[in-house]
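Have a look at work-v6.txt; it's compact mmCIF, N, CA and C atoms:
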```txt
# COMPACT_ATOMS: atom_id res chain seq x y z
N MET A 30 -159.92 168.25 65.94
CA MET A 30 -158.97 167.19 65.68
C MET A 30 -158.34 167.38 64.29
N GLU A 31 -157.04 167.16 64.21
CA GLU A 31 -156.32 167.35 62.96
C GLU A 31 -156.63 166.21 61.99
N ASN A 32 -156.56 166.52 60.71
CA ASN A 32 -156.75 165.45 59.73
C ASN A 32 -155.41 164.78 59.44
N THR A 33 -155.44 163.72 58.69
CA THR A 33 -154.23 162.92 58.42
C THR A 33 -153.16 163.74 57.72
N ALA A 34 -153.54 164.59 56.78
CA ALA A 34 -152.57 165.41 56.05
C ALA A 34 -151.84 166.36 56.99
N ASP A 35 -152.57 166.96 57.93
CA ASP A 35 -151.93 167.86 58.90
C ASP A 35 -150.98 167.09 59.81
N THR A 36 -151.38 165.92 60.23
CA THR A 36 -150.53 165.09 61.09
C THR A 36 -149.24 164.71 60.38
N ILE A 37 -149.34 164.31 59.13
CA ILE A 37 -148.17 163.94 58.34
C ILE A 37 -147.26 165.15 58.18
N LYS A 38 -147.83 166.32 57.94
CA LYS A 38 -147.03 167.54 57.79
C LYS A 38 -146.27 167.86 59.08
N ILE A 39 -146.93 167.71 60.22
CA ILE A 39 -146.28 167.97 61.50
C ILE A 39 -145.14 166.99 61.73
N ILE A 40 -145.39 165.71 61.50
CA ILE A 40 -144.37 164.68 61.70
C ILE A 40 -143.18 164.93 60.78
N THR A 41 -143.45 165.28 59.53
CA THR A 41 -142.39 165.56 58.57
C THR A 41 -141.53 166.74 59.02
N THR A 42 -142.18 167.78 59.52
CA THR A 42 -141.45 168.96 60.01
C THR A 42 -140.56 168.60 61.19
N VAL A 43 -141.07 167.81 62.11
CA VAL A 43 -140.30 167.39 63.28
C VAL A 43 -139.09 166.58 62.83
N ILE A 44 -139.30 165.63 61.95
CA ILE A 44 -138.20 164.78 61.46
C ILE A 44 -137.14 165.62 60.76
N GLN A 45 -137.56 166.58 59.96
CA GLN A 45 -136.60 167.42 59.24
C GLN A 45 -135.77 168.28 60.19
N ASN A 46 -136.30 168.58 61.35
CA ASN A 46 -135.60 169.44 62.29
C ASN A 46 -134.77 168.69 63.32
N ILE A 47 -134.79 167.37 63.28
CA ILE A 47 -133.98 166.57 64.20
C ILE A 47 -132.55 166.53 63.68
N ASN A 48 -131.62 166.81 64.55
CA ASN A 48 -130.21 166.66 64.19
C ASN A 48 -129.83 165.21 64.45
N ILE A 49 -129.69 164.43 63.41
CA ILE A 49 -129.46 162.99 63.55
C ILE A 49 -128.21 162.70 64.36
N ARG A 50 -127.21 163.56 64.27
CA ARG A 50 -125.99 163.33 65.06
C ARG A 50 -126.28 163.42 66.55
N GLU A 51 -127.17 164.32 66.95
CA GLU A 51 -127.52 164.43 68.36
C GLU A 51 -128.28 163.20 68.85
N VAL A 52 -129.07 162.62 67.96
CA VAL A 52 -129.85 161.44 68.32
C VAL A 52 -128.96 160.21 68.42
N LEU A 53 -128.03 160.06 67.49
CA LEU A 53 -127.22 158.85 67.43
C LEU A 53 -126.01 158.86 68.35
N ILE A 54 -125.56 160.03 68.74
CA ILE A 54 -124.30 160.11 69.48
C ILE A 54 -124.57 160.55 70.91
N HIS A 55 -124.25 159.68 71.84
CA HIS A 55 -124.41 160.00 73.26
C HIS A 55 -123.29 160.96 73.65
N PRO A 56 -123.60 162.03 74.39
CA PRO A 56 -122.59 163.04 74.68
C PRO A 56 -121.50 162.62 75.68
N ILE A 57 -121.71 161.56 76.44
CA ILE A 57 -120.76 161.19 77.48
C ILE A 57 -120.02 159.89 77.17
N LEU A 58 -120.73 158.89 76.72
CA LEU A 58 -120.12 157.59 76.48
C LEU A 58 -119.11 157.64 75.34
N PRO A 59 -118.03 156.85 75.44
CA PRO A 59 -117.08 156.82 74.32
C PRO A 59 -117.73 156.25 73.07
N LYS A 60 -117.30 156.73 71.95
CA LYS A 60 -117.89 156.30 70.68
C LYS A 60 -116.95 155.30 70.03
N ILE A 61 -117.16 154.02 70.34
CA ILE A 61 -116.29 152.95 69.87
C ILE A 61 -117.13 151.93 69.11
N ASP A 62 -116.67 151.57 67.93
CA ASP A 62 -117.30 150.50 67.15
C ASP A 62 -116.56 149.22 67.48
N TYR A 63 -117.21 148.35 68.25
CA TYR A 63 -116.56 147.11 68.70
C TYR A 63 -116.72 145.94 67.74
N HIS A 64 -117.45 146.12 66.67
CA HIS A 64 -117.64 145.01 65.73
C HIS A 64 -117.77 145.59 64.33
N SER A 65 -116.72 145.43 63.54
CA SER A 65 -116.75 145.98 62.20
C SER A 65 -116.00 145.08 61.22
N HIS A 66 -116.54 145.02 60.04
CA HIS A 66 -115.90 144.28 58.94
C HIS A 66 -115.38 145.32 57.95
N ILE A 67 -114.48 146.15 58.45
CA ILE A 67 -114.02 147.31 57.72
C ILE A 67 -112.72 147.08 56.95
N LEU A 68 -112.02 146.01 57.27
CA LEU A 68 -110.76 145.74 56.59
C LEU A 68 -111.02 145.32 55.14
N PRO A 69 -110.19 145.80 54.23
CA PRO A 69 -110.42 145.51 52.81
C PRO A 69 -110.08 144.08 52.42
N LYS A 70 -110.95 143.54 51.58
CA LYS A 70 -110.74 142.24 50.93
C LYS A 70 -110.59 141.07 51.92
N ILE A 71 -111.21 141.20 53.09
CA ILE A 71 -111.24 140.08 54.03
C ILE A 71 -112.71 139.79 54.32
N ASP A 72 -113.09 138.57 54.29
CA ASP A 72 -114.47 138.10 54.50
C ASP A 72 -115.47 138.97 53.75
N ASP A 73 -116.53 139.40 54.43
CA ASP A 73 -117.56 140.19 53.76
C ASP A 73 -117.40 141.68 54.05
N GLY A 74 -116.16 142.08 54.29
CA GLY A 74 -115.86 143.48 54.57
C GLY A 74 -115.80 144.32 53.31
N ALA A 75 -115.14 145.44 53.41
CA ALA A 75 -115.01 146.36 52.28
C ALA A 75 -114.31 145.68 51.11
N GLU A 76 -114.73 146.07 49.91
CA GLU A 76 -114.18 145.45 48.70
C GLU A 76 -112.81 145.98 48.33
N SER A 77 -112.44 147.15 48.88
CA SER A 77 -111.18 147.77 48.50
C SER A 77 -110.66 148.64 49.64
N VAL A 78 -109.41 149.05 49.53
CA VAL A 78 -108.82 149.96 50.51
C VAL A 78 -109.58 151.28 50.48
N GLU A 79 -109.90 151.75 49.28
CA GLU A 79 -110.62 153.02 49.13
C GLU A 79 -111.96 152.97 49.86
N LYS A 80 -112.67 151.87 49.72
CA LYS A 80 -113.98 151.72 50.40
C LYS A 80 -113.78 151.68 51.92
N SER A 81 -112.76 151.00 52.39
CA SER A 81 -112.47 150.97 53.83
C SER A 81 -112.24 152.37 54.37
N VAL A 82 -111.41 153.13 53.68
CA VAL A 82 -111.10 154.49 54.12
C VAL A 82 -112.37 155.35 54.12
N LEU A 83 -113.18 155.20 53.11
CA LEU A 83 -114.45 155.94 53.03
C LEU A 83 -115.36 155.59 54.21
N LEU A 84 -115.46 154.31 54.54
CA LEU A 84 -116.29 153.87 55.67
C LEU A 84 -115.75 154.42 56.99
N ILE A 85 -114.44 154.43 57.14
CA ILE A 85 -113.83 154.95 58.37
C ILE A 85 -114.09 156.45 58.49
N LYS A 86 -113.96 157.18 57.39
CA LYS A 86 -114.23 158.61 57.42
C LYS A 86 -115.69 158.90 57.76
N LYS A 87 -116.60 158.08 57.24
CA LYS A 87 -118.02 158.24 57.54
C LYS A 87 -118.28 157.96 59.02
N ALA A 88 -117.66 156.94 59.55
CA ALA A 88 -117.81 156.64 60.98
C ALA A 88 -117.29 157.81 61.81
N GLN A 89 -116.18 158.39 61.39
CA GLN A 89 -115.61 159.53 62.10
C GLN A 89 -116.57 160.72 62.07
N GLN A 90 -117.24 160.93 60.95
CA GLN A 90 -118.21 162.02 60.84
C GLN A 90 -119.35 161.85 61.85
N TYR A 91 -119.68 160.60 62.17
CA TYR A 91 -120.73 160.32 63.14
C TYR A 91 -120.19 160.26 64.57
N GLY A 92 -118.93 160.62 64.74
CA GLY A 92 -118.39 160.73 66.08
C GLY A 92 -117.66 159.51 66.60
N VAL A 93 -117.51 158.48 65.78
CA VAL A 93 -116.79 157.29 66.22
C VAL A 93 -115.33 157.67 66.43
N GLU A 94 -114.78 157.28 67.58
CA GLU A 94 -113.42 157.65 67.95
C GLU A 94 -112.43 156.50 67.82
N GLU A 95 -112.94 155.29 67.72
CA GLU A 95 -112.09 154.10 67.68
C GLU A 95 -112.89 152.96 67.05
N ILE A 96 -112.20 152.14 66.26
CA ILE A 96 -112.87 151.02 65.58
C ILE A 96 -112.09 149.74 65.86
N TYR A 97 -112.81 148.68 66.17
CA TYR A 97 -112.22 147.35 66.27
C TYR A 97 -112.60 146.58 65.01
N ALA A 98 -111.61 146.24 64.22
CA ALA A 98 -111.83 145.44 63.02
C ALA A 98 -111.93 143.97 63.45
N THR A 99 -113.04 143.35 63.15
CA THR A 99 -113.29 141.97 63.59
C THR A 99 -113.68 141.08 62.41
N PRO A 100 -112.74 140.82 61.50
CA PRO A 100 -113.08 139.95 60.37
C PRO A 100 -113.34 138.52 60.83
N HIS A 101 -114.10 137.80 60.01
CA HIS A 101 -114.38 136.39 60.32
C HIS A 101 -113.09 135.58 60.29
N CYS A 102 -112.95 134.71 61.26
CA CYS A 102 -111.81 133.79 61.29
C CYS A 102 -112.35 132.37 61.31
N TYR A 103 -112.13 131.66 60.22
CA TYR A 103 -112.59 130.28 60.10
C TYR A 103 -111.38 129.36 60.23
N LEU A 104 -111.17 128.83 61.41
CA LEU A 104 -109.97 128.04 61.67
C LEU A 104 -109.98 126.69 60.98
N HIS A 105 -111.11 126.29 60.41
CA HIS A 105 -111.12 125.07 59.62
C HIS A 105 -110.68 125.35 58.17
N LYS A 106 -110.50 126.65 57.83
CA LYS A 106 -110.05 127.03 56.50
C LYS A 106 -108.65 127.63 56.49
N THR A 107 -108.21 128.12 57.62
CA THR A 107 -106.89 128.76 57.72
C THR A 107 -106.33 128.51 59.11
N ASN A 108 -105.11 128.95 59.32
CA ASN A 108 -104.55 128.86 60.67
C ASN A 108 -104.36 130.28 61.22
N VAL A 109 -104.08 130.37 62.50
CA VAL A 109 -103.97 131.67 63.17
C VAL A 109 -102.88 132.52 62.53
N GLU A 110 -101.75 131.92 62.24
CA GLU A 110 -100.63 132.68 61.67
C GLU A 110 -101.01 133.33 60.34
N ASN A 111 -101.61 132.57 59.44
CA ASN A 111 -101.99 133.12 58.13
C ASN A 111 -103.10 134.17 58.27
N PHE A 112 -104.07 133.89 59.12
CA PHE A 112 -105.15 134.85 59.34
C PHE A 112 -104.59 136.18 59.85
N CYS A 113 -103.73 136.12 60.86
CA CYS A 113 -103.16 137.33 61.45
C CYS A 113 -102.31 138.11 60.44
N ALA A 114 -101.59 137.40 59.59
CA ALA A 114 -100.77 138.06 58.58
C ALA A 114 -101.66 138.80 57.57
N GLU A 115 -102.74 138.17 57.14
CA GLU A 115 -103.67 138.79 56.19
C GLU A 115 -104.36 140.00 56.83
N ARG A 116 -104.76 139.84 58.06
CA ARG A 116 -105.43 140.93 58.80
C ARG A 116 -104.48 142.12 58.97
N GLN A 117 -103.23 141.86 59.34
CA GLN A 117 -102.23 142.93 59.52
C GLN A 117 -101.95 143.65 58.20
N LYS A 118 -101.84 142.90 57.12
CA LYS A 118 -101.60 143.49 55.80
C LYS A 118 -102.75 144.43 55.41
N ALA A 119 -103.97 144.02 55.68
CA ALA A 119 -105.14 144.85 55.37
C ALA A 119 -105.14 146.12 56.23
N LEU A 120 -104.79 145.98 57.50
CA LEU A 120 -104.72 147.14 58.38
C LEU A 120 -103.66 148.13 57.90
N GLU A 121 -102.50 147.64 57.55
CA GLU A 121 -101.42 148.51 57.08
C GLU A 121 -101.82 149.24 55.79
N ALA A 122 -102.60 148.58 54.96
CA ALA A 122 -103.05 149.21 53.71
C ALA A 122 -103.94 150.42 54.00
N ILE A 123 -104.82 150.31 54.98
CA ILE A 123 -105.68 151.48 55.28
C ILE A 123 -104.93 152.53 56.10
N GLU A 124 -104.04 152.09 56.97
CA GLU A 124 -103.27 153.05 57.76
C GLU A 124 -102.35 153.89 56.87
N SER A 125 -101.88 153.31 55.77
CA SER A 125 -101.00 154.05 54.86
C SER A 125 -101.73 155.19 54.17
N ARG A 126 -103.06 155.18 54.25
CA ARG A 126 -103.88 156.24 53.65
C ARG A 126 -104.14 157.39 54.62
N GLY A 127 -103.54 157.31 55.80
CA GLY A 127 -103.64 158.42 56.74
C GLY A 127 -104.96 158.54 57.45
N ILE A 128 -105.57 157.43 57.83
CA ILE A 128 -106.82 157.50 58.59
C ILE A 128 -106.55 158.19 59.93
N GLU A 129 -107.56 158.87 60.44
CA GLU A 129 -107.36 159.71 61.61
C GLU A 129 -107.83 159.09 62.92
N ILE A 130 -108.51 157.96 62.88
CA ILE A 130 -108.94 157.32 64.12
C ILE A 130 -108.30 155.93 64.20
N PRO A 131 -108.01 155.48 65.42
CA PRO A 131 -107.35 154.18 65.55
C PRO A 131 -108.26 153.02 65.15
N VAL A 132 -107.67 152.07 64.44
CA VAL A 132 -108.33 150.81 64.11
C VAL A 132 -107.54 149.72 64.80
N LYS A 133 -108.19 149.00 65.70
CA LYS A 133 -107.54 147.92 66.43
C LYS A 133 -108.04 146.59 65.90
N LEU A 134 -107.25 145.55 66.11
CA LEU A 134 -107.56 144.26 65.52
C LEU A 134 -108.17 143.29 66.51
N GLY A 135 -109.16 142.56 66.03
CA GLY A 135 -109.79 141.48 66.75
C GLY A 135 -110.20 140.44 65.72
N ALA A 136 -111.17 139.62 66.05
CA ALA A 136 -111.67 138.62 65.11
C ALA A 136 -113.04 138.14 65.55
N GLU A 137 -113.83 137.76 64.58
CA GLU A 137 -115.09 137.07 64.85
C GLU A 137 -114.81 135.60 64.54
N ILE A 138 -114.75 134.80 65.58
CA ILE A 138 -114.26 133.43 65.45
C ILE A 138 -115.41 132.44 65.41
N LEU A 139 -115.39 131.58 64.41
CA LEU A 139 -116.37 130.50 64.34
C LEU A 139 -116.08 129.50 65.45
N LEU A 140 -117.08 129.20 66.24
CA LEU A 140 -116.89 128.22 67.32
C LEU A 140 -116.74 126.83 66.73
N ILE A 141 -115.65 126.20 67.09
CA ILE A 141 -115.37 124.84 66.62
C ILE A 141 -114.94 124.00 67.82
N PRO A 142 -115.09 122.70 67.73
CA PRO A 142 -114.62 121.86 68.84
C PRO A 142 -113.12 122.06 69.08
N GLY A 143 -112.75 122.18 70.33
CA GLY A 143 -111.35 122.34 70.70
C GLY A 143 -110.85 123.77 70.68
N LEU A 144 -111.71 124.71 70.38
CA LEU A 144 -111.29 126.11 70.32
C LEU A 144 -110.65 126.56 71.64
N HIS A 145 -111.19 126.07 72.74
CA HIS A 145 -110.67 126.47 74.05
C HIS A 145 -109.24 125.98 74.28
N ASN A 146 -108.79 125.02 73.50
CA ASN A 146 -107.42 124.50 73.63
C ASN A 146 -106.42 125.21 72.72
N LEU A 147 -106.90 126.12 71.89
CA LEU A 147 -106.02 126.79 70.94
C LEU A 147 -105.05 127.71 71.68
N ARG A 148 -103.78 127.42 71.56
CA ARG A 148 -102.75 128.18 72.28
C ARG A 148 -102.59 129.59 71.76
N GLU A 149 -102.93 129.82 70.52
CA GLU A 149 -102.72 131.13 69.90
C GLU A 149 -103.97 132.00 69.94
N ILE A 150 -104.95 131.64 70.73
CA ILE A 150 -106.23 132.35 70.75
C ILE A 150 -106.06 133.83 71.09
N ASP A 151 -105.09 134.16 71.91
CA ASP A 151 -104.87 135.55 72.31
C ASP A 151 -104.53 136.45 71.12
N LYS A 152 -103.95 135.88 70.07
CA LYS A 152 -103.62 136.66 68.87
C LYS A 152 -104.86 137.09 68.11
N LEU A 153 -105.98 136.43 68.38
CA LEU A 153 -107.23 136.76 67.70
C LEU A 153 -108.11 137.72 68.51
N CYS A 154 -107.79 137.86 69.78
CA CYS A 154 -108.60 138.66 70.69
C CYS A 154 -108.30 140.15 70.54
N MET A 155 -109.29 140.95 70.94
CA MET A 155 -109.10 142.40 70.95
C MET A 155 -108.07 142.77 72.01
N PRO A 156 -107.31 143.83 71.76
CA PRO A 156 -106.35 144.27 72.78
C PRO A 156 -107.07 144.64 74.07
N ASN A 157 -106.45 144.38 75.15
CA ASN A 157 -107.01 144.69 76.48
C ASN A 157 -108.33 143.96 76.73
N GLY A 158 -108.53 142.84 76.03
CA GLY A 158 -109.79 142.10 76.17
C GLY A 158 -109.69 141.11 77.23
```
Please express what this file holds, its structure, as structure tokens.
Amino acid sequence: MENTADTIKIITTVIQNINIREVLIHPILPKIDYHSHILPKIDDGAESVEKSVLLIKKAQQYGVEEIYATPHCYLHKTNVENFCAERQKALEAIESRGIEIPVKLGAEILLIPGLHNLREIDKLCMPNG
């Protein structure tokens, strides 16, 4: 029977030889991030355009092919029109940096009474949702 030191050495060798990309990335399924706070200076997302672009490039390195930006939308603090304008401005800021994968817009919406009656709800939803 192996001792603890030998077991740790074997485990360490196995871990060092694992290609993390092969483990994290399924070879058939599309690589889509459906929930991300990647837009700059909105909610608890990236602090800057530069940080957003860096995060997008890192996601691309891991095989992500498409990202849905879903910043928090608090309708008791803003309205749909203002939220959408801010979200679009943030998207244009990162797109102007030449990102190579599509970033689509959605929202993480706080549930509030009457939300189901909101006529503009479709503007907050993901495309093709």
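Atom pair atom N of Arg148 in chain A / atom C of Glu110 in chain A: separated by 13.0 Å.
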Legend entry - Pairwise distance for atom N of Thr107 in chain A and atom N of Asp62 in chain A, rounded to one decimal in Å: 27.0 Å
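A straight line drawn from CA of Ile61 in chain A to CA of Tyr97 in chain A is 7.8 Å long.
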Inset, instruction - Tell me which of A:Glu76, A:His66, A:Val82, A:Met155 sits closest to Arg126 in chain A, counting all atoms listed in the file. - result: A:Val82
Inset, instruction - List the neighbours of Pro59 in chain A out to 9 Å using only C-alpha atoms; skip same-chain residues closer than 5 positions along the sequence, and give me the result as a ChimeraX atom specification. - result: /A:93-95
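If you measure from each of A:Leu140, A:Leu58, A:Ile71, A:Leu104 to Arg116 in chain A using all atoms listed in the file, the closest one turns out to be A:Ile71.
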Inset, instruction - Give the alpha helix (DSSP H) residues of range 79-150 of chain A, as assigned by DSSP on the backbone, as a PyMOL selection string. - result: chain A and resi 79-90+109-124
Mind writing the picked residues with N, CA and C atoms as a PDB file, in the frame of the given file?
```pdb
ATOM      1  N   GLU A  79    -109.900 151.750  49.280  1.00  0.00           N
ATOM      2  CA  GLU A  79    -110.620 153.020  49.130  1.00  0.00           C
ATOM      3  C   GLU A  79    -111.960 152.970  49.860  1.00  0.00           C
ATOM      4  N   LYS A  80    -112.670 151.870  49.720  1.00  0.00           N
ATOM      5  CA  LYS A  80    -113.980 151.720  50.400  1.00  0.00           C
ATOM      6  C   LYS A  80    -113.780 151.680  51.920  1.00  0.00           C
ATOM      7  N   SER A  81    -112.760 151.000  52.390  1.00  0.00           N
ATOM      8  CA  SER A  81    -112.470 150.970  53.830  1.00  0.00           C
ATOM      9  C   SER A  81    -112.240 152.370  54.370  1.00  0.00           C
ATOM     10  N   VAL A  82    -111.410 153.130  53.680  1.00  0.00           N
ATOM     11  CA  VAL A  82    -111.100 154.490  54.120  1.00  0.00           C
ATOM     12  C   VAL A  82    -112.370 155.350  54.120  1.00  0.00           C
ATOM     13  N   LEU A  83    -113.180 155.200  53.110  1.00  0.00           N
ATOM     14  CA  LEU A  83    -114.450 155.940  53.030  1.00  0.00           C
ATOM     15  C   LEU A  83    -115.360 155.590  54.210  1.00  0.00           C
ATOM     16  N   LEU A  84    -115.460 154.310  54.540  1.00  0.00           N
ATOM     17  CA  LEU A  84    -116.290 153.870  55.670  1.00  0.00           C
ATOM     18  C   LEU A  84    -115.750 154.420  56.990  1.00  0.00           C
ATOM     19  N   ILE A  85    -114.440 154.430  57.140  1.00  0.00           N
ATOM     20  CA  ILE A  85    -113.830 154.950  58.370  1.00  0.00           C
ATOM     21  C   ILE A  85    -114.090 156.450  58.490  1.00  0.00           C
ATOM     22  N   LYS A  86    -113.960 157.180  57.390  1.00  0.00           N
ATOM     23  CA  LYS A  86    -114.230 158.610  57.420  1.00  0.00           C
ATOM     24  C   LYS A  86    -115.690 158.900  57.760  1.00  0.00           C
ATOM     25  N   LYS A  87    -116.600 158.080  57.240  1.00  0.00           N
ATOM     26  CA  LYS A  87    -118.020 158.240  57.540  1.00  0.00           C
ATOM     27  C   LYS A  87    -118.280 157.960  59.020  1.00  0.00           C
ATOM     28  N   ALA A  88    -117.660 156.940  59.550  1.00  0.00           N
ATOM     29  CA  ALA A  88    -117.810 156.640  60.980  1.00  0.00           C
ATOM     30  C   ALA A  88    -117.290 157.810  61.810  1.00  0.00           C
ATOM     31  N   GLN A  89    -116.180 158.390  61.390  1.00  0.00           N
ATOM     32  CA  GLN A  89    -115.610 159.530  62.100  1.00  0.00           C
ATOM     33  C   GLN A  89    -116.570 160.720  62.070  1.00  0.00           C
ATOM     34  N   GLN A  90    -117.240 160.930  60.950  1.00  0.00           N
ATOM     35  CA  GLN A  90    -118.210 162.020  60.840  1.00  0.00           C
ATOM     36  C   GLN A  90    -119.350 161.850  61.850  1.00  0.00           C
ATOM     37  N   VAL A 109    -104.080 130.370  62.500  1.00  0.00           N
ATOM     38  CA  VAL A 109    -103.970 131.670  63.170  1.00  0.00           C
ATOM     39  C   VAL A 109    -102.880 132.520  62.530  1.00  0.00           C
ATOM     40  N   GLU A 110    -101.750 131.920  62.240  1.00  0.00           N
ATOM     41  CA  GLU A 110    -100.630 132.680  61.670  1.00  0.00           C
ATOM     42  C   GLU A 110    -101.010 133.330  60.340  1.00  0.00           C
ATOM     43  N   ASN A 111    -101.610 132.570  59.440  1.00  0.00           N
ATOM     44  CA  ASN A 111    -101.990 133.120  58.130  1.00  0.00           C
ATOM     45  C   ASN A 111    -103.100 134.170  58.270  1.00  0.00           C
ATOM     46  N   PHE A 112    -104.070 133.890  59.120  1.00  0.00           N
ATOM     47  CA  PHE A 112    -105.150 134.850  59.340  1.00  0.00           C
ATOM     48  C   PHE A 112    -104.590 136.180  59.850  1.00  0.00           C
ATOM     49  N   CYS A 113    -103.730 136.120  60.860  1.00  0.00           N
ATOM     50  CA  CYS A 113    -103.160 137.330  61.450  1.00  0.00           C
ATOM     51  C   CYS A 113    -102.310 138.110  60.440  1.00  0.00           C
ATOM     52  N   ALA A 114    -101.590 137.400  59.590  1.00  0.00           N
ATOM     53  CA  ALA A 114    -100.770 138.060  58.580  1.00  0.00           C
ATOM     54  C   ALA A 114    -101.660 138.800  57.570  1.00  0.00           C
ATOM     55  N   GLU A 115    -102.740 138.170  57.140  1.00  0.00           N
ATOM     56  CA  GLU A 115    -103.670 138.790  56.190  1.00  0.00           C
ATOM     57  C   GLU A 115    -104.360 140.000  56.830  1.00  0.00           C
ATOM     58  N   ARG A 116    -104.760 139.840  58.060  1.00  0.00           N
ATOM     59  CA  ARG A 116    -105.430 140.930  58.800  1.00  0.00           C
ATOM     60  C   ARG A 116    -104.480 142.120  58.970  1.00  0.00           C
ATOM     61  N   GLN A 117    -103.230 141.860  59.340  1.00  0.00           N
ATOM     62  CA  GLN A 117    -102.230 142.930  59.520  1.00  0.00           C
ATOM     63  C   GLN A 117    -101.950 143.650  58.200  1.00  0.00           C
ATOM     64  N   LYS A 118    -101.840 142.900  57.120  1.00  0.00           N
ATOM     65  CA  LYS A 118    -101.600 143.490  55.800  1.00  0.00           C
ATOM     66  C   LYS A 118    -102.750 144.430  55.410  1.00  0.00           C
ATOM     67  N   ALA A 119    -103.970 144.020  55.680  1.00  0.00           N
ATOM     68  CA  ALA A 119    -105.140 144.850  55.370  1.00  0.00           C
ATOM     69  C   ALA A 119    -105.140 146.120  56.230  1.00  0.00           C
ATOM     70  N   LEU A 120    -104.790 145.980  57.500  1.00  0.00           N
ATOM     71  CA  LEU A 120    -104.720 147.140  58.380  1.00  0.00           C
ATOM     72  C   LEU A 120    -103.660 148.130  57.900  1.00  0.00           C
ATOM     73  N   GLU A 121    -102.500 147.640  57.550  1.00  0.00           N
ATOM     74  CA  GLU A 121    -101.420 148.510  57.080  1.00  0.00           C
ATOM     75  C   GLU A 121    -101.820 149.240  55.790  1.00  0.00           C
ATOM     76  N   ALA A 122    -102.600 148.580  54.960  1.00  0.00           N
ATOM     77  CA  ALA A 122    -103.050 149.210  53.710  1.00  0.00           C
ATOM     78  C   ALA A 122    -103.940 150.420  54.000  1.00  0.00           C
ATOM     79  N   ILE A 123    -104.820 150.310  54.980  1.00  0.00           N
ATOM     80  CA  ILE A 123    -105.680 151.480  55.280  1.00  0.00           C
ATOM     81  C   ILE A 123    -104.930 152.530  56.100  1.00  0.00           C
ATOM     82  N   GLU A 124    -104.040 152.090  56.970  1.00  0.00           N
ATOM     83  CA  GLU A 124    -103.270 153.050  57.760  1.00  0.00           C
ATOM     84  C   GLU A 124    -102.350 153.890  56.870  1.00  0.00           C
TER      85      GLU A 124
END
```
